[in-house]
Protein chains: 2
Amino acid sequence: MSGTSRALKRLVVGRAMRSDRLGDTLLPKRLALPIFASDALSSVAYAPDEVLIVLGSAGGAFAFTHSWQITLGVIFVMAVVVASYRQNVHAYPSGGGDYEVATVNLGRRAGLGVASALLVDYVLTVAVSVSSGIQNASAALPFVRGKEVIFAVLVVVLLTAMNLRGVRESGAVFAVPVYLFMLGVFTLAVVGFVRKISGNLPLAESAQFTLGPQQGMDTLGQVAMLFLLLRAFSSGCAALTGVEAISNGVPAFRKPKSKNAATTLLMMGGIAIFMLASIVTLANWTGVQMQDPDHPGNLLMNGQPVQDYHEDTVLAQLAKSVFSGFTPGLVFIAIITGVILMLAANTAFNGFPVLGSILARDGWLPRQLHTRGDRLAFSNGIITLAGMAIVLIVLYDAETTRLIQLYIVGVFVSFTLSQSGMIRHWNRHLRTETDPAVRRRMMRSRVINGVGAVMSGLVLIVVLLTKFLHGAGYAVAAMVVLFFLMSAINRHYERVGRELALADADETQQLLPSRVHAIVLVSKLHKPTMRALAYARATRPSVLEAVTVNVEPAETEALQAEWEKRQIPVRLKIIASPYREISRPVIQYVKSIRRDSPRDVVMVYLPEYVLGKWWEQLLHNQSALRLKARLLFTPGVMVASVPWQLDSAQGHEERVYDGPAPGAVRQGR
Amino acid sequence: MSGTSRALKRLVVGRAMRSDRLGDTLLPKRLALPIFASDALSSVAYAPDEVLIVLGSAGGAFAFTHSWQITLGVIFVMAVVVASYRQNVHAYPSGGGDYEVATVNLGRRAGLGVASALLVDYVLTVAVSVSSGIQNASAALPFVRGKEVIFAVLVVVLLTAMNLRGVRESGAVFAVPVYLFMLGVFTLAVVGFVRKISGNLPLAESAQFTLGPQQGMDTLGQVAMLFLLLRAFSSGCAALTGVEAISNGVPAFRKPKSKNAATTLLMMGGIAIFMLASIVTLANWTGVQMQDPDHPGNLLMNGQPVQDYHEDTVLAQLAKSVFSGFTPGLVFIAIITGVILMLAANTAFNGFPVLGSILARDGWLPRQLHTRGDRLAFSNGIITLAGMAIVLIVLYDAETTRLIQLYIVGVFVSFTLSQSGMIRHWNRHLRTETDPAVRRRMMRSRVINGVGAVMSGLVLIVVLLTKFLHGAGYAVAAMVVLFFLMSAINRHYERVGRELALADADETQQLLPSRVHAIVLVSKLHKPTMRALAYARATRPSVLEAVTVNVEPAETEALQAEWEKRQIPVRLKIIASPYREISRPVIQYVKSIRRDSPRDVVMVYLPEYVLGKWWEQLLHNQSALRLKARLLFTPGVMVASVPWQLDSAQGHEERVYDGPAPGAVRQGR
């Protein structure tokens, strides 16, 4: 087995490659497929379940009759979306993705809409994928049952820790499980098909039950039935999440980039459709019955609700019956499905900071998110994403069926805006293009994107109509909040930019301050003070004085005595502080200097300790820091920190984060 | 009624006085008593309950027989402790309290032990007082029942908000409820006594039940019985909490300070003993039965456990039966007891920061806690206290009976160390004192303190023995953790102090750096940059250059072009940044300057925006702040912030906290 797995690894990963060099390497298709496809392919682990659950609310017979119709609808949409994105990949090889397409073609507001939708969807990707992963894995790990929330939260925490420590995606980590997952589902499909033909495919565990309609769902009118079918279709469209990933990653492909990316996209679409179709077919053949975990009670055994039955996922039920009794088969499917869903969740951990960085560059989010190699900003993004995902998991009890109601609104907002943008793109190019062959190709692309836009828009409307009250409304609300928050941040940056801009003419010739009045703030006579005095003297200011605030008269007298004893060649000025404060007397003294000679600039020297540990920092400098923060509000003042490095600070100045940037592999950097 | 209450207020508060002037005023005894006594007097609202609950676990008859013995024991200890603290008040009029007494006489470690114990006890004072207050008030406010935890947490949050906003203790706020509480309990006692004599005192609500012994408690051996009695005694000693408060507040008294404080202490002791005795007597007369809320089921009615019975506190039960049917009487007692317990909790909010400030002065806690008028440090203390109290309330379901198990360990650690210290104090003074009259007085004081020390020590042992496993162990563990944490902080400060100290001789004549090499960090050409350049030029450094990091080549080229167009008279140096970082290239450039001319000092000027709102600050300066933090680790570098005040920063420089310091009234400041 170990020989086989090594050979397999060799096959999919190629020769051993140092993972830290991977970032410099462009991806061949066999690595790009697993890296970009884990999100899209993993959706087949929950999309069929959700279709069956929604249909099953009108009874098992209804689900059996209509599940194939719904699946065909989903497959059709997926084919259209894949075809559309193949046009994006050719037209925008820069990898800007939907945000870029929408911004360039429909304007900044449309781009911001896409961005809001994507940010919300990243959170939901984590919550849904992890919840579904836990549900799938629980078929093989019974101790997880009943503790899904705790385990889901633990997985998110684990992913967070990994990403905070800078463990990055590497081809191998992705390739092996994704190919194993594909292998698993393919084997399941083939074995199931062969057994069906040979007539010995066992029924599923849940086939022994009757799934009755939920209360009030026994006789459906035309409209109600249509609504139910559309709801099932909306849930099934969860299978489409992640399809757009490749269009963000074109620069990571080997040349010819666009062509390879388009081919990979086609492969991914084909595989996803095959998996989806196989799973639904097998589910029908084996008679899988799925009841809504939120509205249980309609799964019947001899007319009575079934008690104490743990509902496995469709994939797990299929594995149980297709591999009838061969436990390793079930364990393999359950575990590998859990793993690929974790990988899908991890893609959000990579995508979120990348999108954040682009949004920061464009002034929609705090600028520090844009700084590359800035571990702090990166960490904040990761923690925000994880925190919000955990809130959702806890709120919705780690139940995929409930979380899915919020999902895919964002995806389809993004699809629709992006495809509409593409129509504009072709319109613009057609205006100037003259080569008839190119024009023909462009017009064909425009038709494809047009169909994609209409289709995505329709699905979006269906999703909103059927799910708004079930939870999609919250997702929309979150997008709206993000949209306005980012607009406000942008307005702030623009306002500040205007305020700071130089006028065209004379402002360069700003008046030089005439003199520098230097103040060294002293609390005690120790080495940092002496260094601050020495440095301040080296700058040869017009006036130099040491200043101390008389908070404790006894201490001040002692300081004065030592000052004289040591014959320090700088005058020590003592400021009274009747209320035993530090900041206010200093600020008032500085202001009085400025009042007396308005053209002086005041330079306040603060001796500061520098320590190596964060908790040591907590124990020092606090009043200096606060004084500094207040001094900066006073016009005509500079504040100079004169550091004194304590022993514990040795070797800490180089602690700059130099790990890989998040999502580097996917961006071809 | 309103005329009466005004007259009453006049009587106890004196003429109207502006509350903001109260801090300048020393307290007459009639104001000092309520301010310092709320904690001690409020204990009688839960101590009798706890005695009856512990005794009641061996059955109602056992409780009836022994409650008076236990109460006599508690009263005896209280008399001894009051007598002992009267000696402290005379010997230490400075108000340093147990911490000072232990530090001066037994050494710094003993003082630290007292401090750890007191810090833990402040948290417990809040948790116990609020929980008991809610329980007492719930007799008049039935909607609180079953939601005690939520209401208790709300009260802590309310107290926190009040204290964070700087609402301070004022005499009136304290005096009225404390005197009303005394009035209430006295009335209860007198009416109850009169009705008993006249033979028409009704039985308590709970007297209809039989309190059976808990499982395994029906036949107690000698040892088990003794143990149970000692446990009841331990719980009863909760009545002593707060007795030491006056010894911390001597400076707040009118002259003769010590004498007035000692008198007030005596009054407080007398009142507390009278209340305690009255409540226990009435409880016996009315046949109050208290079952352990944690081990219910032994309160029987016709041999069956009582269902659906809400157990009121002893005070509430007494009010119900003494004022039989006169609802305002019950409501008054219940509400005023709730209020005085909130005041008791509030004393911890005042005491905690005061103790923190003293500990910070002595180097046991972060120094910023010592700065007077430092709202931030003050707030951190308040929030820490509230947070820990809330954790306890939630963990222990706001049940006084469970919280009390952790309580009073700290108080008796503190009593014991303080009284032992007093023996040393007298020994030391007796060594030099020659006046026979004074010596006689000192020897008498020594005997009193000796008895106090032995008694407190014995009670401490009893408390530890009987309650360690019931919860006191956690309190001890918390004290030990605090003790070592504060020791570590102290060691850190001492190590830094040694490292920074100047040698006796030449160090004052530190070599002056020969030249100043000034660098202005530039990212864009705007007003802040121009100001930084102008100020830097005003300091006339030996070398002045503007430096920019080439992160985005296009932006750098644009900057360079504008620089030349505007003919800025400072050279612009461009540093390469192959990895698109900012900090590392700058630090390496600074180091190269230092390498080339080691006697130069490098001054880095950073243009900084100053904005008025905290969220605006989040959007700016982040990379400058991080660069600065790293530059300070580099030897021979100063970092000067050149602020540019944006419009939103106008009028913010004066935002310095100038409210009263916490606990100012109690310290006589």
# chains A, B, ... in the order shown; residues from 1 in each chain; ligands from 1
>>> interface_residues(of="chain A", to="chain B", cutoff="6 Å", atoms="only C-alpha atoms", output="PyMOL selection string")
chain A and resi 366+500-502+512-513+526-527+534+538+619+630+632-633+638-643+653
>>> closest_residue(among="B:Asp397, B:Asp218, B:Glu552, B:Asp292", to="B:Glu311", atoms="only C-alpha atoms")
B:Asp292
>>> residues_around(residues="B:Gly249", least_positions_apart="4", cutoff="12 Å", atoms="only C-alpha atoms", output="JSON, numbers by chain")
{"B": [26, 27, 29, 32, 33, 35, 36, 37, 88, 89, 92, 93, 94, 95, 96, 97, 98, 243, 244, 245, 253, 254, 257, 258, 260, 261, 262, 264, 265, 351, 354, 663, 664, 665, 666, 667, 668, 669]}
>>> atom_distance(atom1="atom CA of A:Gly421", atom2="atom CA of A:Tyr407")
22.7 Å
>>> closest_residue(among="B:Val590, B:Ala561, B:Phe274, B:Leu403", to="B:Ile390", atoms="only C-alpha atoms")
B:Leu403
>>> select_by_dssp(residues="stretch 182-428 of chain A", states="alpha helix (DSSP H)", output="MDAnalysis selection string")
chainID A and resid 182:197 222:236 245:248 257:286 314:322 327:361 375:395 400:403 409:428
>>> atom_distance(atom1="atom CA of A:Leu625", atom2="atom CA of B:Arg165")
22.8 Å
>>> select_by_dssp(residues="stretch 299-508 of chain B", states="strand (DSSP E or B)", output="PyMOL selection string")
chain B and resi 299-301+304-305
>>> write_last_selection(atoms="C-alpha atoms", output="CSV table (one decimal), in the first residue's frame")
chain,number,residue,atom,x,y,z
B,299,LEU,CA,-37.4,20.2,53.4
B,300,LEU,CA,-40.4,18.1,54.1
B,301,MET,CA,-44.2,18.6,54.3
B,304,GLN,CA,-42.6,14.4,51.3
B,305,PRO,CA,-40.1,16.8,49.8
>>> closest_residue(among="A:Met267, A:Leu417, A:Leu55, A:Leu141", to="A:Asp312", atoms="only C-alpha atoms")
A:Leu141
>>> atom_distance(atom1="atom CA of B:Leu119", atom2="atom CA of B:Met388")
11.0 Å
>>> residues_around(residues="stretch 201-217 of chain A", least_positions_apart="3", cutoff="10 Å", atoms="only C-alpha atoms", output="JSON, numbers by chain")
{"A": [55, 56, 57, 58, 59, 60, 61, 62, 63, 191, 192, 193, 194, 195, 196, 197, 198, 220, 221, 224, 225, 228, 282, 283, 284, 285, 286, 287, 288, 289, 290, 291, 292, 295, 296, 297, 298, 299, 300, 301, 302, 303, 304, 305, 306, 309, 310, 311, 312, 314, 316, 317, 318, 319, 320, 321, 322, 323, 324]}
>>> residues_around(residues="stretch 73-87 of chain B", least_positions_apart="4", cutoff="6 Å", atoms="only C-alpha atoms", output="MDAnalysis selection string")
chainID B and resid 237 262 448:449 452
>>> write_last_selection(atoms="N, CA and C atoms", output="PDB file, in the first residue's frame")
ATOM      1  N   CYS B 237     -18.597  33.502  59.991  1.00  0.00           N
ATOM      2  CA  CYS B 237     -17.540  34.512  60.062  1.00  0.00           C
ATOM      3  C   CYS B 237     -17.563  35.432  58.850  1.00  0.00           C
ATOM      4  N   ALA B 262     -11.398  55.079  65.861  1.00  0.00           N
ATOM      5  CA  ALA B 262     -11.570  53.989  66.820  1.00  0.00           C
ATOM      6  C   ALA B 262     -13.000  53.973  67.356  1.00  0.00           C
ATOM      7  N   ILE B 448      -3.856  42.653  73.341  1.00  0.00           N
ATOM      8  CA  ILE B 448      -5.071  42.639  72.506  1.00  0.00           C
ATOM      9  C   ILE B 448      -4.741  42.130  71.108  1.00  0.00           C
ATOM     10  N   ASN B 449      -3.672  42.698  70.512  1.00  0.00           N
ATOM     11  CA  ASN B 449      -3.303  42.261  69.165  1.00  0.00           C
ATOM     12  C   ASN B 449      -2.881  40.795  69.151  1.00  0.00           C
ATOM     13  N   GLY B 452      -5.889  38.862  69.115  1.00  0.00           N
ATOM     14  CA  GLY B 452      -6.453  39.001  67.767  1.00  0.00           C
ATOM     15  C   GLY B 452      -5.734  38.101  66.783  1.00  0.00           C
TER      16      GLY B 452
END
>>> decode(residues="stretch 163-209 of chain A", atoms="N, CA and C atoms", output="tab-separated table (two decimals), in the first residue's frame")
chain	number	residue	atom	x	y	z
A	163	ASN	N	-2.98	28.75	9.35
A	163	ASN	CA	-2.80	29.89	8.46
A	163	ASN	C	-2.08	31.03	9.14
A	164	LEU	N	-2.28	31.19	10.44
A	164	LEU	CA	-1.57	32.25	11.16
A	164	LEU	C	-0.09	31.95	11.20
A	165	ARG	N	0.25	30.67	11.30
A	165	ARG	CA	1.66	30.32	11.33
A	165	ARG	C	2.28	30.34	9.94
A	166	GLY	N	1.47	30.64	8.93
A	166	GLY	CA	2.04	30.81	7.60
A	166	GLY	C	2.20	29.51	6.84
A	167	VAL	N	1.54	28.43	7.29
A	167	VAL	CA	1.55	27.23	6.48
A	167	VAL	C	0.77	27.55	5.22
A	168	ARG	N	1.39	27.38	4.10
A	168	ARG	CA	0.67	27.81	2.90
A	168	ARG	C	0.23	26.59	2.11
A	169	GLU	N	-0.64	26.86	1.18
A	169	GLU	CA	-1.06	25.82	0.27
A	169	GLU	C	0.17	25.33	-0.46
A	170	SER	N	0.29	24.04	-0.59
A	170	SER	CA	1.31	23.55	-1.51
A	170	SER	C	0.62	22.53	-2.37
A	171	GLY	N	1.17	22.33	-3.54
A	171	GLY	CA	0.52	21.45	-4.50
A	171	GLY	C	0.25	20.09	-3.91
A	172	ALA	N	1.26	19.53	-3.22
A	172	ALA	CA	1.13	18.16	-2.75
A	172	ALA	C	-0.01	18.03	-1.74
A	173	VAL	N	-0.07	18.97	-0.82
A	173	VAL	CA	-1.11	18.90	0.20
A	173	VAL	C	-2.49	18.87	-0.45
A	174	PHE	N	-2.63	19.59	-1.55
A	174	PHE	CA	-3.92	19.62	-2.21
A	174	PHE	C	-4.13	18.42	-3.12
A	175	ALA	N	-3.08	18.13	-3.89
A	175	ALA	CA	-3.26	17.17	-4.97
A	175	ALA	C	-3.69	15.81	-4.44
A	176	VAL	N	-2.97	15.30	-3.43
A	176	VAL	CA	-3.24	13.94	-3.00
A	176	VAL	C	-4.69	13.76	-2.55
A	177	PRO	N	-5.19	14.59	-1.59
A	177	PRO	CA	-6.58	14.34	-1.17
A	177	PRO	C	-7.60	14.58	-2.28
A	178	VAL	N	-7.37	15.59	-3.13
A	178	VAL	CA	-8.37	15.86	-4.16
A	178	VAL	C	-8.44	14.69	-5.12
A	179	TYR	N	-7.25	14.17	-5.53
A	179	TYR	CA	-7.29	13.01	-6.43
A	179	TYR	C	-7.86	11.79	-5.72
A	180	LEU	N	-7.55	11.63	-4.45
A	180	LEU	CA	-8.12	10.50	-3.71
A	180	LEU	C	-9.64	10.62	-3.62
A	181	PHE	N	-10.12	11.85	-3.43
A	181	PHE	CA	-11.57	12.06	-3.37
A	181	PHE	C	-12.20	11.70	-4.71
A	182	MET	N	-11.57	12.18	-5.78
A	182	MET	CA	-12.08	11.84	-7.11
A	182	MET	C	-12.08	10.33	-7.30
A	183	LEU	N	-10.96	9.71	-6.93
A	183	LEU	CA	-10.86	8.25	-7.04
A	183	LEU	C	-11.99	7.58	-6.25
A	184	GLY	N	-12.24	8.08	-5.04
A	184	GLY	CA	-13.26	7.49	-4.18
A	184	GLY	C	-14.63	7.57	-4.82
A	185	VAL	N	-14.99	8.77	-5.28
A	185	VAL	CA	-16.34	8.93	-5.84
A	185	VAL	C	-16.47	8.14	-7.15
A	186	PHE	N	-15.40	8.13	-7.95
A	186	PHE	CA	-15.45	7.36	-9.20
A	186	PHE	C	-15.63	5.87	-8.90
A	187	THR	N	-14.86	5.37	-7.95
A	187	THR	CA	-15.00	3.96	-7.59
A	187	THR	C	-16.42	3.67	-7.13
A	188	LEU	N	-16.93	4.56	-6.29
A	188	LEU	CA	-18.29	4.40	-5.80
A	188	LEU	C	-19.26	4.31	-6.98
A	189	ALA	N	-19.09	5.22	-7.95
A	189	ALA	CA	-20.00	5.25	-9.09
A	189	ALA	C	-19.89	3.96	-9.91
A	190	VAL	N	-18.64	3.54	-10.19
A	190	VAL	CA	-18.45	2.37	-11.04
A	190	VAL	C	-18.97	1.11	-10.36
A	191	VAL	N	-18.57	0.91	-9.09
A	191	VAL	CA	-19.03	-0.28	-8.37
A	191	VAL	C	-20.55	-0.29	-8.28
A	192	GLY	N	-21.11	0.89	-7.96
A	192	GLY	CA	-22.56	0.97	-7.85
A	192	GLY	C	-23.24	0.63	-9.17
A	193	PHE	N	-22.67	1.13	-10.26
A	193	PHE	CA	-23.25	0.89	-11.58
A	193	PHE	C	-23.20	-0.60	-11.92
A	194	VAL	N	-22.03	-1.20	-11.69
A	194	VAL	CA	-21.86	-2.62	-11.99
A	194	VAL	C	-22.83	-3.45	-11.16
A	195	ARG	N	-22.94	-3.12	-9.88
A	195	ARG	CA	-23.82	-3.91	-9.02
A	195	ARG	C	-25.28	-3.73	-9.42
A	196	LYS	N	-25.63	-2.50	-9.86
A	196	LYS	CA	-27.01	-2.27	-10.29
A	196	LYS	C	-27.32	-3.16	-11.50
A	197	ILE	N	-26.35	-3.18	-12.46
A	197	ILE	CA	-26.57	-3.97	-13.67
A	197	ILE	C	-26.67	-5.45	-13.33
A	198	SER	N	-25.76	-5.87	-12.43
A	198	SER	CA	-25.80	-7.29	-12.07
A	198	SER	C	-26.91	-7.56	-11.06
A	199	GLY	N	-27.66	-6.54	-10.71
A	199	GLY	CA	-28.87	-6.76	-9.93
A	199	GLY	C	-28.65	-7.01	-8.45
A	200	ASN	N	-27.45	-6.78	-7.92
A	200	ASN	CA	-27.28	-7.00	-6.48
A	200	ASN	C	-26.83	-5.74	-5.73
A	201	LEU	N	-27.34	-4.57	-6.16
A	201	LEU	CA	-27.07	-3.33	-5.42
A	201	LEU	C	-28.02	-3.27	-4.23
A	202	PRO	N	-27.49	-3.29	-3.01
A	202	PRO	CA	-28.39	-3.27	-1.85
A	202	PRO	C	-29.06	-1.91	-1.71
A	203	LEU	N	-30.17	-1.90	-1.00
A	203	LEU	CA	-30.84	-0.64	-0.71
A	203	LEU	C	-30.07	0.12	0.37
A	204	ALA	N	-30.30	1.43	0.43
A	204	ALA	CA	-29.65	2.24	1.46
A	204	ALA	C	-30.31	1.98	2.81
A	205	GLU	N	-29.56	2.28	3.84
A	205	GLU	CA	-30.04	2.16	5.21
A	205	GLU	C	-31.41	2.83	5.38
A	206	SER	N	-31.53	4.05	4.79
A	206	SER	CA	-32.75	4.83	5.02
A	206	SER	C	-33.90	4.37	4.13
A	207	ALA	N	-33.62	3.41	3.23
A	207	ALA	CA	-34.69	2.98	2.33
A	207	ALA	C	-35.74	2.16	3.07
A	208	GLN	N	-35.39	1.64	4.23
A	208	GLN	CA	-36.36	0.88	5.01
A	208	GLN	C	-37.48	1.76	5.55
A	209	PHE	N	-37.23	3.10	5.60
A	209	PHE	CA	-38.25	4.00	6.15
A	209	PHE	C	-39.13	4.55	5.03
